[in-house]
>>> print(open('entry.pdb').read())   # PDB, C-alpha atoms
ATOM      1  CA  MET F   1     -12.393  18.824  18.430  1.00  0.00           C
ATOM      2  CA  ASN F   2     -14.578  15.757  18.911  1.00  0.00           C
ATOM      3  CA  LEU F   3     -14.689  13.996  15.539  1.00  0.00           C
ATOM      4  CA  LYS F   4     -17.571  11.664  14.855  1.00  0.00           C
ATOM      5  CA  LYS F   5     -16.633   7.982  14.735  1.00  0.00           C
ATOM      6  CA  LYS F   6     -17.977   6.073  11.766  1.00  0.00           C
ATOM      7  CA  ILE F   7     -17.809   2.447  10.693  1.00  0.00           C
ATOM      8  CA  ILE F   8     -17.916   2.084   6.904  1.00  0.00           C
ATOM      9  CA  PRO F   9     -18.368  -1.145   4.914  1.00  0.00           C
ATOM     10  CA  ALA F  10     -16.184  -1.602   1.810  1.00  0.00           C
ATOM     11  CA  VAL F  11     -17.796  -3.184  -1.227  1.00  0.00           C
ATOM     12  CA  ILE F  12     -15.927  -4.888  -4.051  1.00  0.00           C
ATOM     13  CA  ALA F  13     -17.847  -6.348  -6.992  1.00  0.00           C
ATOM     14  CA  LYS F  14     -17.173  -8.142 -10.265  1.00  0.00           C
ATOM     15  CA  ASN F  15     -20.442  -7.104 -11.940  1.00  0.00           C
ATOM     16  CA  GLN F  16     -23.538  -4.904 -11.520  1.00  0.00           C
ATOM     17  CA  ASP F  17     -25.641  -7.648  -9.849  1.00  0.00           C
ATOM     18  CA  GLU F  18     -22.985  -8.357  -7.242  1.00  0.00           C
ATOM     19  CA  LEU F  19     -22.571  -4.623  -6.604  1.00  0.00           C
ATOM     20  CA  GLU F  20     -26.303  -4.153  -5.993  1.00  0.00           C
ATOM     21  CA  ASP F  21     -26.561  -7.274  -3.804  1.00  0.00           C
ATOM     22  CA  ARG F  22     -23.685  -6.201  -1.590  1.00  0.00           C
ATOM     23  CA  ILE F  23     -24.881  -2.596  -1.270  1.00  0.00           C
ATOM     24  CA  LYS F  24     -28.422  -3.728  -0.378  1.00  0.00           C
ATOM     25  CA  ARG F  25     -27.020  -6.132   2.203  1.00  0.00           C
ATOM     26  CA  VAL F  26     -25.409  -3.315   4.216  1.00  0.00           C
ATOM     27  CA  ALA F  27     -27.288  -0.119   3.252  1.00  0.00           C
ATOM     28  CA  ASP F  28     -29.798  -0.165   6.131  1.00  0.00           C
ATOM     29  CA  PHE F  29     -27.061  -0.141   8.773  1.00  0.00           C
ATOM     30  CA  PHE F  30     -24.737   2.658   7.598  1.00  0.00           C
ATOM     31  CA  ASP F  31     -24.528   6.347   6.625  1.00  0.00           C
ATOM     32  CA  ILE F  32     -21.556   5.819   4.269  1.00  0.00           C
ATOM     33  CA  ILE F  33     -20.582   2.920   1.995  1.00  0.00           C
ATOM     34  CA  GLN F  34     -17.122   2.708   0.446  1.00  0.00           C
ATOM     35  CA  LEU F  35     -16.893   1.414  -3.115  1.00  0.00           C
ATOM     36  CA  ASP F  36     -13.558  -0.158  -4.028  1.00  0.00           C
ATOM     37  CA  PHE F  37     -12.468   0.437  -7.615  1.00  0.00           C
ATOM     38  CA  MET F  38      -9.535  -1.667  -8.860  1.00  0.00           C
ATOM     39  CA  ASP F  39      -8.143  -1.818 -12.389  1.00  0.00           C
ATOM     40  CA  GLY F  40      -5.893  -4.893 -12.146  1.00  0.00           C
ATOM     41  CA  LYS F  41      -2.885  -2.626 -12.790  1.00  0.00           C
ATOM     42  CA  PHE F  42      -2.448  -0.341  -9.767  1.00  0.00           C
ATOM     43  CA  VAL F  43      -3.379  -3.363  -7.609  1.00  0.00           C
ATOM     44  CA  PRO F  44      -3.421  -7.013  -8.739  1.00  0.00           C
ATOM     45  CA  ASN F  45      -7.197  -7.367  -8.668  1.00  0.00           C
ATOM     46  CA  ASN F  46     -10.302  -6.004 -10.405  1.00  0.00           C
ATOM     47  CA  SER F  47     -13.417  -4.504  -8.863  1.00  0.00           C
ATOM     48  CA  ILE F  48     -16.243  -2.315 -10.231  1.00  0.00           C
ATOM     49  CA  ASP F  49     -14.309  -1.896 -13.476  1.00  0.00           C
ATOM     50  CA  PHE F  50     -17.534  -1.510 -15.477  1.00  0.00           C
ATOM     51  CA  ASP F  51     -20.012   1.321 -16.091  1.00  0.00           C
ATOM     52  CA  PHE F  52     -21.688   1.029 -12.710  1.00  0.00           C
ATOM     53  CA  LYS F  53     -25.056   2.291 -11.466  1.00  0.00           C
ATOM     54  CA  LEU F  54     -25.802   2.768  -7.771  1.00  0.00           C
ATOM     55  CA  PRO F  55     -29.125   1.710  -6.251  1.00  0.00           C
ATOM     56  CA  LYS F  56     -31.125   4.378  -4.426  1.00  0.00           C
ATOM     57  CA  THR F  57     -30.290   4.294  -0.701  1.00  0.00           C
ATOM     58  CA  LYS F  58     -30.082   6.737   2.211  1.00  0.00           C
ATOM     59  CA  CYS F  59     -26.287   6.233   2.216  1.00  0.00           C
ATOM     60  CA  LYS F  60     -23.558   8.458   0.925  1.00  0.00           C
ATOM     61  CA  PHE F  61     -20.922   6.750  -1.242  1.00  0.00           C
ATOM     62  CA  GLU F  62     -17.180   7.225  -1.153  1.00  0.00           C
ATOM     63  CA  SER F  63     -15.080   5.818  -3.957  1.00  0.00           C
ATOM     64  CA  HIS F  64     -11.661   4.372  -3.116  1.00  0.00           C
ATOM     65  CA  LEU F  65      -9.732   4.536  -6.398  1.00  0.00           C
ATOM     66  CA  MET F  66      -7.060   1.819  -6.523  1.00  0.00           C
ATOM     67  CA  ILE F  67      -6.439   2.626 -10.179  1.00  0.00           C
ATOM     68  CA  ASN F  68      -4.016   4.267 -12.580  1.00  0.00           C
ATOM     69  CA  ASN F  69      -5.114   7.515 -14.232  1.00  0.00           C
ATOM     70  CA  PRO F  70      -7.674   8.567 -11.594  1.00  0.00           C
ATOM     71  CA  GLU F  71      -8.284  11.882 -13.439  1.00  0.00           C
ATOM     72  CA  LYS F  72     -10.138  10.064 -16.212  1.00  0.00           C
ATOM     73  CA  TRP F  73     -12.265   8.085 -13.741  1.00  0.00           C
ATOM     74  CA  ILE F  74     -13.163  11.284 -11.879  1.00  0.00           C
ATOM     75  CA  GLU F  75     -14.125  13.007 -15.114  1.00  0.00           C
ATOM     76  CA  ASN F  76     -16.512  10.168 -16.009  1.00  0.00           C
ATOM     77  CA  ASN F  77     -17.941   9.228 -12.609  1.00  0.00           C
ATOM     78  CA  VAL F  78     -17.603  12.032 -10.037  1.00  0.00           C
ATOM     79  CA  ILE F  79     -21.301  12.859 -10.298  1.00  0.00           C
ATOM     80  CA  LYS F  80     -22.290   9.378  -9.012  1.00  0.00           C
ATOM     81  CA  VAL F  81     -20.550   9.562  -5.625  1.00  0.00           C
ATOM     82  CA  ASP F  82     -20.063  11.968  -2.682  1.00  0.00           C
ATOM     83  CA  THR F  83     -16.381  11.536  -1.809  1.00  0.00           C
ATOM     84  CA  ILE F  84     -13.380  10.616  -3.951  1.00  0.00           C
ATOM     85  CA  LEU F  85     -10.398   8.921  -2.275  1.00  0.00           C
ATOM     86  CA  VAL F  86      -7.321   8.812  -4.508  1.00  0.00           C
ATOM     87  CA  HIS F  87      -4.071   6.953  -3.864  1.00  0.00           C
ATOM     88  CA  TYR F  88      -1.271   9.504  -3.618  1.00  0.00           C
ATOM     89  CA  GLU F  89       0.964   6.965  -5.415  1.00  0.00           C
ATOM     90  CA  SER F  90      -1.253   7.150  -8.529  1.00  0.00           C
ATOM     91  CA  ILE F  91      -1.246  10.959  -8.855  1.00  0.00           C
ATOM     92  CA  ASP F  92       0.912  13.078 -11.167  1.00  0.00           C
ATOM     93  CA  ASP F  93      -0.441  16.460 -10.041  1.00  0.00           C
ATOM     94  CA  SER F  94      -1.932  16.575  -6.525  1.00  0.00           C
ATOM     95  CA  MET F  95      -3.517  20.050  -6.723  1.00  0.00           C
ATOM     96  CA  LYS F  96      -5.053  19.248 -10.098  1.00  0.00           C
ATOM     97  CA  ILE F  97      -6.864  16.251  -8.581  1.00  0.00           C
ATOM     98  CA  ILE F  98      -8.004  18.239  -5.525  1.00  0.00           C
ATOM     99  CA  ASN F  99      -9.365  21.042  -7.719  1.00  0.00           C
ATOM    100  CA  GLN F 100     -10.961  18.596 -10.162  1.00  0.00           C
ATOM    101  CA  VAL F 101     -13.040  17.057  -7.343  1.00  0.00           C
ATOM    102  CA  LYS F 102     -13.747  20.289  -5.424  1.00  0.00           C
ATOM    103  CA  ASP F 103     -14.970  21.975  -8.625  1.00  0.00           C
ATOM    104  CA  LYS F 104     -17.803  19.427  -8.626  1.00  0.00           C
ATOM    105  CA  ASN F 105     -18.614  20.208  -4.959  1.00  0.00           C
ATOM    106  CA  LYS F 106     -17.537  16.747  -3.837  1.00  0.00           C
ATOM    107  CA  LYS F 107     -15.247  15.768  -0.954  1.00  0.00           C
ATOM    108  CA  VAL F 108     -11.704  14.647  -1.660  1.00  0.00           C
ATOM    109  CA  GLY F 109      -9.198  12.593   0.288  1.00  0.00           C
ATOM    110  CA  PHE F 110      -5.783  11.095  -0.339  1.00  0.00           C
ATOM    111  CA  VAL F 111      -4.948   7.458   0.399  1.00  0.00           C
ATOM    112  CA  LEU F 112      -1.510   6.348   1.592  1.00  0.00           C
ATOM    113  CA  ASN F 113      -0.152   2.872   0.920  1.00  0.00           C
ATOM    114  CA  PRO F 114       1.798   1.343   3.848  1.00  0.00           C
ATOM    115  CA  GLU F 115       5.199   2.375   2.436  1.00  0.00           C
ATOM    116  CA  THR F 116       4.184   6.014   1.671  1.00  0.00           C
ATOM    117  CA  PRO F 117       5.136   8.477   4.444  1.00  0.00           C
ATOM    118  CA  ILE F 118       2.835  11.261   5.678  1.00  0.00           C
ATOM    119  CA  SER F 119       5.437  13.826   4.640  1.00  0.00           C
ATOM    120  CA  LYS F 120       4.418  13.275   0.987  1.00  0.00           C
ATOM    121  CA  ILE F 121       0.968  14.811   1.574  1.00  0.00           C
ATOM    122  CA  GLU F 122       1.685  17.259   4.408  1.00  0.00           C
ATOM    123  CA  ASN F 123       1.499  20.295   2.093  1.00  0.00           C
ATOM    124  CA  TYR F 124      -2.036  19.320   1.002  1.00  0.00           C
ATOM    125  CA  LEU F 125      -3.651  18.540   4.362  1.00  0.00           C
ATOM    126  CA  ASP F 126      -5.491  21.872   4.566  1.00  0.00           C
ATOM    127  CA  GLN F 127      -7.145  21.193   1.199  1.00  0.00           C
ATOM    128  CA  LEU F 128      -8.232  17.610   1.977  1.00  0.00           C
ATOM    129  CA  ASP F 129     -11.483  16.499   3.632  1.00  0.00           C
ATOM    130  CA  GLN F 130      -9.951  13.261   4.879  1.00  0.00           C
ATOM    131  CA  VAL F 131      -6.908  11.001   4.675  1.00  0.00           C
ATOM    132  CA  LEU F 132      -7.156   7.228   4.383  1.00  0.00           C
ATOM    133  CA  ILE F 133      -4.252   5.243   5.803  1.00  0.00           C
ATOM    134  CA  MET F 134      -4.029   1.724   4.434  1.00  0.00           C
ATOM    135  CA  THR F 135      -3.423  -0.767   7.242  1.00  0.00           C
ATOM    136  CA  VAL F 136      -2.871  -3.586   4.710  1.00  0.00           C
ATOM    137  CA  ASN F 137      -1.281  -3.813   1.287  1.00  0.00           C
ATOM    138  CA  PRO F 138      -4.272  -2.898  -0.926  1.00  0.00           C
ATOM    139  CA  GLY F 139      -6.125  -4.963  -3.481  1.00  0.00           C
ATOM    140  CA  PHE F 140      -7.667  -7.908  -1.639  1.00  0.00           C
ATOM    141  CA  TYR F 141     -10.442  -8.635   0.843  1.00  0.00           C
ATOM    142  CA  GLY F 142      -8.999 -10.135   4.026  1.00  0.00           C
ATOM    143  CA  SER F 143      -5.326  -9.072   3.795  1.00  0.00           C
ATOM    144  CA  PRO F 144      -3.406  -9.185   7.125  1.00  0.00           C
ATOM    145  CA  PHE F 145      -3.398  -6.054   9.315  1.00  0.00           C
ATOM    146  CA  LEU F 146      -0.036  -4.227   9.535  1.00  0.00           C
ATOM    147  CA  PRO F 147       0.510  -3.078  13.166  1.00  0.00           C
ATOM    148  CA  GLU F 148       3.408  -0.802  12.138  1.00  0.00           C
ATOM    149  CA  MET F 149       0.769   1.561  10.629  1.00  0.00           C
ATOM    150  CA  ILE F 150      -0.439   2.523  14.130  1.00  0.00           C
ATOM    151  CA  LYS F 151       2.391   5.045  14.556  1.00  0.00           C
ATOM    152  CA  LYS F 152       1.544   6.601  11.174  1.00  0.00           C
ATOM    153  CA  ILE F 153      -2.039   7.200  12.350  1.00  0.00           C
ATOM    154  CA  SER F 154      -0.955   8.802  15.627  1.00  0.00           C
ATOM    155  CA  ASP F 155       1.662  10.957  13.848  1.00  0.00           C
ATOM    156  CA  LEU F 156      -0.976  12.260  11.429  1.00  0.00           C
ATOM    157  CA  ARG F 157      -3.390  12.952  14.296  1.00  0.00           C
ATOM    158  CA  LYS F 158      -0.725  15.069  16.037  1.00  0.00           C
ATOM    159  CA  ILE F 159      -0.097  17.058  12.836  1.00  0.00           C
ATOM    160  CA  LYS F 160      -3.817  17.613  12.091  1.00  0.00           C
ATOM    161  CA  PRO F 161      -6.054  17.251  15.179  1.00  0.00           C
ATOM    162  CA  ASP F 162      -9.287  18.141  13.326  1.00  0.00           C
ATOM    163  CA  LEU F 163      -8.829  15.926  10.243  1.00  0.00           C
ATOM    164  CA  ASP F 164     -11.034  12.947   9.427  1.00  0.00           C
ATOM    165  CA  ILE F 165      -8.547  10.056   9.524  1.00  0.00           C
ATOM    166  CA  GLU F 166      -9.805   6.870   7.938  1.00  0.00           C
ATOM    167  CA  VAL F 167      -8.222   3.421   8.146  1.00  0.00           C
ATOM    168  CA  ASP F 168      -8.789   0.529   5.792  1.00  0.00           C
ATOM    169  CA  GLY F 169      -7.537  -3.035   5.939  1.00  0.00           C
ATOM    170  CA  GLY F 170      -7.817  -5.882   8.407  1.00  0.00           C
ATOM    171  CA  ILE F 171     -10.303  -3.961  10.581  1.00  0.00           C
ATOM    172  CA  VAL F 172     -11.935  -6.510  12.902  1.00  0.00           C
ATOM    173  CA  PRO F 173     -12.780  -6.379  16.658  1.00  0.00           C
ATOM    174  CA  ASP F 174      -9.151  -7.266  17.556  1.00  0.00           C
ATOM    175  CA  THR F 175      -7.654  -4.372  15.551  1.00  0.00           C
ATOM    176  CA  ILE F 176     -10.252  -1.578  15.622  1.00  0.00           C
ATOM    177  CA  GLY F 177      -9.314  -0.648  19.203  1.00  0.00           C
ATOM    178  CA  LEU F 178      -5.662  -0.179  18.209  1.00  0.00           C
ATOM    179  CA  VAL F 179      -6.420   2.231  15.365  1.00  0.00           C
ATOM    180  CA  ASN F 180      -9.075   4.012  17.430  1.00  0.00           C
ATOM    181  CA  ARG F 181      -6.595   4.697  20.240  1.00  0.00           C
ATOM    182  CA  ALA F 182      -4.012   5.843  17.675  1.00  0.00           C
ATOM    183  CA  GLY F 183      -6.409   8.564  16.512  1.00  0.00           C
ATOM    184  CA  ALA F 184      -8.449   7.220  13.585  1.00  0.00           C
ATOM    185  CA  ASN F 185     -12.150   8.149  13.561  1.00  0.00           C
ATOM    186  CA  MET F 186     -13.378   6.425  10.377  1.00  0.00           C
ATOM    187  CA  PHE F 187     -13.032   2.657  10.187  1.00  0.00           C
ATOM    188  CA  VAL F 188     -13.452   0.769   6.912  1.00  0.00           C
ATOM    189  CA  SER F 189     -14.201  -2.926   7.201  1.00  0.00           C
ATOM    190  CA  GLY F 190     -14.570  -5.080   4.096  1.00  0.00           C
ATOM    191  CA  SER F 191     -14.887  -8.831   4.385  1.00  0.00           C
ATOM    192  CA  TYR F 192     -15.619  -8.802   8.150  1.00  0.00           C
ATOM    193  CA  ILE F 193     -18.889  -6.945   7.474  1.00  0.00           C
ATOM    194  CA  VAL F 194     -19.802  -7.661   3.865  1.00  0.00           C
ATOM    195  CA  LYS F 195     -19.125 -11.420   4.031  1.00  0.00           C
ATOM    196  CA  SER F 196     -20.607 -11.786   7.511  1.00  0.00           C
ATOM    197  CA  LYS F 197     -23.553 -14.126   8.092  1.00  0.00           C
ATOM    198  CA  ASN F 198     -25.028 -11.476  10.410  1.00  0.00           C
ATOM    199  CA  VAL F 199     -24.165  -7.895   9.410  1.00  0.00           C
ATOM    200  CA  GLU F 200     -25.850  -6.360  12.469  1.00  0.00           C
ATOM    201  CA  GLU F 201     -23.887  -8.547  14.853  1.00  0.00           C
ATOM    202  CA  SER F 202     -20.598  -7.725  13.112  1.00  0.00           C
ATOM    203  CA  ILE F 203     -21.301  -3.987  13.432  1.00  0.00           C
ATOM    204  CA  PHE F 204     -22.150  -4.416  17.120  1.00  0.00           C
ATOM    205  CA  ASN F 205     -18.867  -6.297  17.707  1.00  0.00           C
ATOM    206  CA  LEU F 206     -16.892  -3.428  16.138  1.00  0.00           C
ATOM    207  CA  LYS F 207     -18.846  -0.605  17.791  1.00  0.00           C
ATOM    208  CA  LYS F 208     -18.593  -1.946  21.305  1.00  0.00           C
ATOM    209  CA  VAL F 209     -14.777  -1.713  21.102  1.00  0.00           C
ATOM    210  CA  ILE F 210     -14.717   1.987  20.113  1.00  0.00           C
ATOM    211  CA  ASP F 211     -17.759   3.387  21.980  1.00  0.00           C
TER     212      ASP F 211
END
>>> encode(input="entry.pdb", output="structure tokens")
Amino acid sequence: MNLKKKIIPAVIAKNQDELEDRIKRVADFFDIIQLDFMDGKFVPNNSIDFDFKLPKTKCKFESHLMINNPEKWIENNVIKVDTILVHYESIDDSMKIINQVKDKNKKVGFVLNPETPISKIENYLDQLDQVLIMTVNPGFYGSPFLPEMIKKISDLRKIKPDLDIEVDGGIVPDTIGLVNRAGANMFVSGSYIVKSKNVEESIFNLKKVID
């Protein structure tokens, strides 16, 4: 199965103005924007921890929940976004989360921190729309890429050839080729795109490695 390759910018924001500015900066160039939600507890940073509104764009939005108690967030906000990505490490009841999101006709994916093995989510792969493998320790823009995650990506690809496998963390032109060859097909890039002086040029530099 030939899965579509997608580059996805990740947006973190301290307030509504910053959120809108960053979304508008990248919205013309992408189909999907990832919004990073952090509560300062699950990860040592805060992002979009306010009652957010999303500007009208042609993009779909996926929410990456780096938070404790994701069930409550989903209950309050699922209607605003298209895909919910939940850290497996933050979940008490995996099927409850999957059903909670699917009941609202939204896509659902699990996120694995670097230390969490694939075996933890293997029983749920048929119910998930995608899996996000963290290639950094989460919570910061610009954390260093962890090359030992490459094997995890290729192992997951062997287990589930038709799954959307997303990677997030340290994705720049030097690393995107490694995760692409390992089997990822969705590539999240935060600071490299969002903080770039020329967004279009940054996208071109990433795309030319994987095309």
>>> atom_distance(input="entry.pdb", atom1="atom CA of F:Lys6", atom2="atom CA of F:Ile32")
8.3 Å
>>> closest_residue(input="entry.pdb", among="F:Thr83, F:Asn105, F:Ser90, F:Asn46", to="F:Asn69", atoms="all atoms listed in the file")
F:Ser90
>>> residues_around(input="entry.pdb", residues="F:Asp51", least_positions_apart="3", cutoff="12 Å", atoms="only C-alpha atoms", output="PyMOL selection string")
chain F and resi 14-16+19+37+47-48+54+73+76-77+80
>>> resolve_selection(input="entry.pdb", expression="the PyMOL selection byres ((chain F and resi 111) around 6)", output="list in words")
Val86, His87, Tyr88, Phe110, Leu112, Val131, Leu132 and Ile133 of chain F
>>> resolve_selection(input="entry.pdb", expression="the PyMOL selection byres ((chain F and resi 139) around 10)", output="VMD selection string")
chain F and resid 12 36 to 40 42 to 47 66 136 to 138 140 to 143 169
>>> residues_around(input="entry.pdb", residues="stretch 178-187 of chain F", least_positions_apart="3", cutoff="6 Å", atoms="all atoms listed in the file", output="list of chain:residue names")
F:Lys5, F:Lys6, F:Ile7, F:Ile8, F:Ile153, F:Ser154, F:Arg157, F:Ile165, F:Glu166, F:Val167, F:Thr175
>>> closest_residue(input="entry.pdb", among="F:Ile98, F:Ile193, F:Ile176, F:Leu163", to="F:Tyr124", atoms="all atoms listed in the file")
F:Ile98
>>> closest_residue(input="entry.pdb", among="F:Leu206, F:Ile91, F:Ile171, F:Ile118", to="F:Ser189", atoms="all atoms listed in the file")
F:Ile171
>>> closest_residue(input="entry.pdb", among="F:Leu156, F:Val108, F:Leu125, F:Ala10", to="F:Ser191", atoms="all atoms listed in the file")
F:Ala10
>>> resolve_selection(input="entry.pdb", expression="the PyMOL selection byres ((chain F and resi 97) around 10)", output="ChimeraX atom specification")
/F:70-71,74,84,86,91-96,98-103,108-110
>>> residues_around(input="entry.pdb", residues="F:Ser202", least_positions_apart="5", cutoff="10 Å", atoms="only C-alpha atoms", output="number ranges by chain")
F: 172-173, 189, 192-197, 207
>>> closest_residue(input="entry.pdb", among="F:Glu115, F:Glu148, F:Glu89, F:Asp164", to="F:Asn2", atoms="all atoms listed in the file")
F:Asp164
>>> closest_residue(input="entry.pdb", among="F:Asn205, F:Thr135, F:Asn198, F:Ser63", to="F:Lys106", atoms="all atoms listed in the file")
F:Ser63
>>> axis_aligned_box(input="entry.pdb", around="stretch 71-88 of chain F", padding_each_side="5 Å", output="lines of an AutoDock Vina configuration file")
center_x = -11.8
center_y = 10.0
center_z = -9.0
size_x = 31.0
size_y = 16.1
size_z = 24.4
>>> residues_around(input="entry.pdb", residues="F:Arg25", least_positions_apart="4", cutoff="9 Å", atoms="all atoms listed in the file", output="PDB file with C-alpha atoms, keeping the file's coordinate frame")
ATOM      1  CA  GLU F  20     -26.303  -4.153  -5.993  1.00  0.00           C
ATOM      2  CA  ASP F  21     -26.561  -7.274  -3.804  1.00  0.00           C
ATOM      3  CA  PHE F  29     -27.061  -0.141   8.773  1.00  0.00           C
ATOM      4  CA  VAL F 194     -19.802  -7.661   3.865  1.00  0.00           C
ATOM      5  CA  VAL F 199     -24.165  -7.895   9.410  1.00  0.00           C
TER       6      VAL F 199
END
>>> atom_distance(input="entry.pdb", atom1="atom CA of F:Lys24", atom2="atom CA of F:Asn68")
28.4 Å
>>> atom_distance(input="entry.pdb", atom1="atom CA of F:Glu62", atom2="atom CA of F:Gln34")
4.8 Å
>>> decode(input="entry.pdb", residues="stretch 53-131 of chain F", atoms="C-alpha atoms", output="tab-separated table (two decimals), in the first residue's frame")
chain	number	residue	atom	x	y	z
F	53	LYS	CA	-10.39	29.26	19.07
F	54	LEU	CA	-9.07	28.23	15.66
F	55	PRO	CA	-9.03	30.64	12.71
F	56	LYS	CA	-10.84	29.55	9.55
F	57	THR	CA	-8.38	27.85	7.18
F	58	LYS	CA	-8.43	25.11	4.54
F	59	CYS	CA	-6.32	22.95	6.90
F	60	LYS	CA	-7.33	20.06	9.07
F	61	PHE	CA	-6.09	20.19	12.68
F	62	GLU	CA	-4.65	17.38	14.74
F	63	SER	CA	-4.21	17.87	18.46
F	64	HIS	CA	-1.16	16.33	20.14
F	65	LEU	CA	-2.17	16.01	23.80
F	66	MET	CA	0.91	16.14	26.06
F	67	ILE	CA	-1.35	16.37	29.09
F	68	ASN	CA	-2.69	14.44	32.06
F	69	ASN	CA	-6.38	13.49	32.02
F	70	PRO	CA	-6.87	13.60	28.23
F	71	GLU	CA	-10.48	12.35	28.61
F	72	LYS	CA	-11.55	15.70	30.03
F	73	TRP	CA	-9.80	17.64	27.26
F	74	ILE	CA	-11.46	15.46	24.62
F	75	GLU	CA	-14.87	15.96	26.20
F	76	ASN	CA	-14.45	19.76	26.05
F	77	ASN	CA	-12.61	20.23	22.76
F	78	VAL	CA	-13.03	17.27	20.38
F	79	ILE	CA	-15.46	19.22	18.21
F	80	LYS	CA	-12.77	21.82	17.34
F	81	VAL	CA	-10.27	19.46	15.72
F	82	ASP	CA	-10.14	16.55	13.23
F	83	THR	CA	-7.67	14.14	14.83
F	84	ILE	CA	-6.80	13.48	18.47
F	85	LEU	CA	-3.32	12.13	19.30
F	86	VAL	CA	-3.04	10.91	22.89
F	87	HIS	CA	0.11	9.82	24.71
F	88	TYR	CA	-0.26	6.17	25.66
F	89	GLU	CA	1.58	7.01	28.91
F	90	SER	CA	-1.25	9.35	29.97
F	91	ILE	CA	-4.11	6.86	29.44
F	92	ASP	CA	-5.85	4.75	32.08
F	93	ASP	CA	-8.25	2.97	29.70
F	94	SER	CA	-7.11	2.74	26.06
F	95	MET	CA	-10.39	1.48	24.55
F	96	LYS	CA	-12.36	4.13	26.42
F	97	ILE	CA	-10.27	6.87	24.78
F	98	ILE	CA	-10.54	5.27	21.32
F	99	ASN	CA	-14.32	4.97	21.63
F	100	GLN	CA	-14.66	8.48	23.08
F	101	VAL	CA	-13.01	9.98	19.98
F	102	LYS	CA	-14.57	7.62	17.40
F	103	ASP	CA	-18.05	8.32	18.80
F	104	LYS	CA	-17.56	11.91	17.64
F	105	ASN	CA	-16.50	10.73	14.15
F	106	LYS	CA	-12.96	12.01	14.64
F	107	LYS	CA	-9.66	10.24	13.97
F	108	VAL	CA	-7.62	8.90	16.86
F	109	GLY	CA	-3.97	8.01	17.27
F	110	PHE	CA	-1.68	6.99	20.10
F	111	VAL	CA	1.66	8.68	20.78
F	112	LEU	CA	4.67	6.78	22.13
F	113	ASN	CA	7.38	8.47	24.18
F	114	PRO	CA	10.94	7.28	23.39
F	115	GLU	CA	11.01	4.80	26.30
F	116	THR	CA	7.57	3.24	25.53
F	117	PRO	CA	7.78	0.04	23.44
F	118	ILE	CA	5.43	-0.74	20.53
F	119	SER	CA	4.26	-3.86	22.36
F	120	LYS	CA	2.20	-1.63	24.70
F	121	ILE	CA	-0.15	-0.60	21.87
F	122	GLU	CA	-0.01	-3.65	19.59
F	123	ASN	CA	-3.48	-4.84	20.65
F	124	TYR	CA	-5.01	-1.50	19.59
F	125	LEU	CA	-3.39	-1.00	16.18
F	126	ASP	CA	-6.47	-2.12	14.24
F	127	GLN	CA	-8.58	0.52	16.01
F	128	LEU	CA	-6.14	3.42	15.50
F	129	ASP	CA	-5.96	5.78	12.50
F	130	GLN	CA	-2.30	6.57	13.12
F	131	VAL	CA	0.58	6.17	15.56
